[in-house]
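What follows is a set of notes on a single structure, which appears directly below.
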Amino acid sequence: MSRKTKVALNLVYALAALQFLRFYITSTHLWINLPHYLAGTDRLPFQRRFLPVPILIGFNKLFAHFSFLNHGEAVRTPENFSLFCLATLAFCIAAFYLVRLYRAVSPTRLLEPLVLPVFIVLCLFTYVVHIGDTLSYPYDLPSVAFFTAGLFYIYQRRFLPLLAVILLGTINRETTLFLILIYFIDAASDQAVPAARLRDRLNFRRLPWLRAALLLLPWAAVELTLTHYFNNHTNSEEYLRIHENLGYLRPRLWPALLNIGAYSLPLILLHRRYLKPARFANYLLVLPAWFAIMFVKGTMTETRIYGEFTGYFAVAVVLLVEQYVQTAAANASIESRSESDPPAASSFETMAA
């Protein structure tokens, strides 16, 4: 693409992201009590996810300097303004690492212009397009940013930046624990095509136990500190949801469940053998643990609880489309060559000659 085309595409993507963020802020219902959350007195487990608090307070103080924006519904109040700014910052960070992750895993980078549009569509379905109440929390999009950054540093095998992501990301939400599991999977993986059997895909003798312990240490320290600090808060939202989620398995609610990743997850799982590099494909092995824990702790139809994987799903979808395009182009080239070659002489013609 020419430089002008790239600039034009980036402008279109920025406008699309802005539209998504405005729709996200104005269409979702904030489940926490924001004044209590900012004061540090809200319910558990929400209050433990503390990182957005100082950021939101900082954006709140900037509201008076942006009075010219007050006509827009997404930024009409200090609360909406601060939530919009936080969501925009998180989305930009997630998009930055998303593109870097795609460039790291794609051997050709053939469909890079599709990565951000696919990501926006997946975010839209995961966080906004719902039947019934559409809930949101200040730490949702920051979780996507931290998780996508963590996936990039895991794939690049850059330990110290990953350590920083887990330290800060755990203050935002405890799901950074799954990055440590993916770190294990990555360390045990090679670049071979994913095999049918787990033991053929992973080499468990290569697991870096010491480094994994160093990653687990800041996660545990943050969790213990926040749990101790907010120990006296009401925990009315912390209960086992197994019975509740069993009711969500009815066929009537399957469309809501498949909303995870904008219906891309079945496509990815059914074609996981064709997802390359294999090391990147093996990250899907963390999903059973993720779903099991969310089945106990979360609400199945509230697909935002799987939102951290939005960046991974976006890259996986583009990689599968990319491979299909390359295979189709190769087949077309073979057919074209076969049609242009002169037909081989028959045995009778050869004998006559």
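If you're wondering about the labels, chains in the structure tokens are A, B, ... by order shown, residues count from 1 in each chain, ligands from 1 in order shown.
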
(request) Check segment 105-270 of chain A with DSSP on the backbone and list each residue it calls helix (DSSP H, G or I), as a PyMOL selection string. (result) chain A and resi 105+112-127+140-156+159-172+174-188+198-201+204-206+209-229+242-249+251-257+264-270

Interface rows for segment 252-289 of chain A against segment 130-137 of chain A: nearest pair, Å to one decimal, 12 Å, only C-alpha atoms, as CSV:
residue,atom,partner,partner_atom,distance
A:Arg252,CA,A:Ile131,CA,11.7
A:Leu253,CA,A:Ile131,CA,9.6
A:Trp254,CA,A:Ile131,CA,11.7
A:Pro255,CA,A:Ile131,CA,9.6
A:Ala256,CA,A:His130,CA,7.0
A:Leu257,CA,A:His130,CA,10.0
A:Leu258,CA,A:His130,CA,11.0
A:Asn259,CA,A:His130,CA,8.0
A:Ile260,CA,A:His130,CA,10.6
A:Ala262,CA,A:His130,CA,10.9

Take the residues from that selection and write them out as a PDB file, in the first residue's frame, keeping C-alpha atoms.
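Generated output (again_16.pdb):
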ATOM      1  CA  ARG A 252     -32.304 -20.774  23.979  1.00  0.00           C
ATOM      2  CA  LEU A 253     -29.198 -19.073  25.352  1.00  0.00           C
ATOM      3  CA  TRP A 254     -26.652 -20.627  22.999  1.00  0.00           C
ATOM      4  CA  PRO A 255     -26.612 -17.499  20.780  1.00  0.00           C
ATOM      5  CA  ALA A 256     -25.625 -15.464  23.834  1.00  0.00           C
ATOM      6  CA  LEU A 257     -22.882 -17.929  24.770  1.00  0.00           C
ATOM      7  CA  LEU A 258     -21.519 -17.959  21.223  1.00  0.00           C
ATOM      8  CA  ASN A 259     -21.265 -14.192  21.417  1.00  0.00           C
ATOM      9  CA  ILE A 260     -17.795 -14.802  22.875  1.00  0.00           C
ATOM     10  CA  ALA A 262     -18.267 -12.547  17.888  1.00  0.00           C
TER      11      ALA A 262
END

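Proximity ranking of A:Gly298, A:Leu246, A:Leu240, A:Leu162 relative to Ala212 of chain A places A:Leu162 first, based on only C-alpha atoms.
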
(message) Could you list, as an NGL selection string, every residue within 9 Å of Phe204 of chain A, counting only C-alpha atoms and ignoring same-chain residues fewer than 4 positions away?
(response) :A and (184-185 or 187-189 or 199)

Mind writing the picked residues with N, CA and C atoms as a PDB file, in the first residue's frame?
ATOM      1  N   PHE A 184       3.803 -20.993  30.593  1.00  0.00           N
ATOM      2  CA  PHE A 184       4.167 -22.401  30.684  1.00  0.00           C
ATOM      3  C   PHE A 184       3.973 -23.101  29.330  1.00  0.00           C
ATOM      4  N   ILE A 185       2.790 -22.890  28.732  1.00  0.00           N
ATOM      5  CA  ILE A 185       2.475 -23.536  27.454  1.00  0.00           C
ATOM      6  C   ILE A 185       3.467 -23.115  26.383  1.00  0.00           C
ATOM      7  N   ALA A 187       6.556 -22.032  26.780  1.00  0.00           N
ATOM      8  CA  ALA A 187       7.890 -22.577  27.049  1.00  0.00           C
ATOM      9  C   ALA A 187       7.980 -24.051  26.654  1.00  0.00           C
ATOM     10  N   ALA A 188       6.862 -24.764  26.748  1.00  0.00           N
ATOM     11  CA  ALA A 188       6.861 -26.193  26.422  1.00  0.00           C
ATOM     12  C   ALA A 188       6.568 -26.462  24.951  1.00  0.00           C
ATOM     13  N   SER A 189       6.294 -25.427  24.179  1.00  0.00           N
ATOM     14  CA  SER A 189       5.898 -25.594  22.781  1.00  0.00           C
ATOM     15  C   SER A 189       7.103 -25.482  21.856  1.00  0.00           C
ATOM     16  N   ARG A 199       0.749 -34.718  24.365  1.00  0.00           N
ATOM     17  CA  ARG A 199       2.151 -35.034  24.655  1.00  0.00           C
ATOM     18  C   ARG A 199       3.038 -34.836  23.435  1.00  0.00           C
TER      19      ARG A 199
END

(request) Rank nothing, just name the residue among A:Ile32, A:Asp186, A:Asn331, A:Leu224 nearest to Tyr283 of chain A, using only C-alpha atoms. (result) A:Asp186

(request) May I have all residues of segment 64-261 of chain A that DSSP, computed from the backbone, assigns to strand (DSSP E or B), given as a ChimeraX atom specification? (result) /A:135-136,189,202

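For the set A:Arg76, A:Lys6, A:Arg103, A:Arg48, the residue with the smallest atom-to-atom gap to Thr234 of chain A is A:Arg48, counting only C-alpha atoms.
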
(request) Name the residues in contact with segment 123-126 of chain A at a cut-off of 9 Å, using only C-alpha atoms, excluding same-chain residues fewer than 4 positions from it; report them as a count of residues only. (result) 19

(request) Calculate how many Å separate atom CA of Tyr183 of chain A from atom CA of Phe313 of chain A, rounding to one decimal. (result) 17.5 Å

(message) Given only C-alpha atoms as the basis, pick out the residue of A:Leu89, A:Val144, A:Ala39, A:Ala221 nearest to Phe59 of chain A.
(response) A:Leu89

(request) Excluding segment 40-46 of chain A and any residue of its chain fewer than 2 positions from it, enumerate the residues within 7 Å of it, using only C-alpha atoms, and give them as a list in words. (result) Asn33, His36, Tyr37, Leu38, Arg48, Arg49, His233, Thr234, Asn235, Glu237 and Glu238 of chain A

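Atom CA of Tyr239 of chain A sits 7.0 Å away from atom CA of Lys297 of chain A.
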
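Each of A:Ala278, A:Ile55, A:Leu110, A:Ile120 was compared to Leu18 of chain A using only C-alpha atoms, and A:Ile120 turns out to be the nearest.
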
(request) Write out as number ranges by chain the residues lying within 10 Å of Ile93 of chain A, counting only C-alpha atoms and excluding same-chain residues fewer than 5 positions away. (result) A: 87-88, 98, 141-142, 144-146, 148-149

(message) Env of Trp219 of chain A: 8 Å cut, atoms = only C-alpha atoms, seq-sep filter 5 positions within chain, self excluded. Answer as an MDAnalysis selection string.
(response) chainID A and resid 166:167 170 174 176:177

Grab the residues selected above and save them as an mmCIF file, in the first residue's frame with N, CA and C atoms.
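Below is the file again_35.cif, written as the result:
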data_model
loop_
_atom_site.group_PDB
_atom_site.id
_atom_site.type_symbol
_atom_site.label_atom_id
_atom_site.label_comp_id
_atom_site.auth_asym_id
_atom_site.auth_seq_id
_atom_site.Cartn_x
_atom_site.Cartn_y
_atom_site.Cartn_z
ATOM 1 N N ILE A 166 2.399 -8.316 34.368
ATOM 2 C CA ILE A 166 1.675 -9.081 35.384
ATOM 3 C C ILE A 166 1.554 -8.289 36.682
ATOM 4 N N LEU A 167 2.596 -7.555 37.049
ATOM 5 C CA LEU A 167 2.538 -6.748 38.268
ATOM 6 C C LEU A 167 1.443 -5.690 38.175
ATOM 7 N N THR A 170 -2.288 -7.210 37.390
ATOM 8 C CA THR A 170 -2.973 -7.875 38.502
ATOM 9 C C THR A 170 -3.679 -6.861 39.394
ATOM 10 N N GLU A 174 -7.388 -9.893 38.367
ATOM 11 C CA GLU A 174 -6.579 -11.054 38.731
ATOM 12 C C GLU A 174 -6.416 -12.067 37.610
ATOM 13 N N THR A 176 -4.710 -12.029 35.136
ATOM 14 C CA THR A 176 -3.327 -12.137 34.656
ATOM 15 C C THR A 176 -2.695 -13.469 35.062
ATOM 16 N N LEU A 177 -3.315 -14.168 35.990
ATOM 17 C CA LEU A 177 -2.829 -15.500 36.356
ATOM 18 C C LEU A 177 -2.768 -16.410 35.134
#
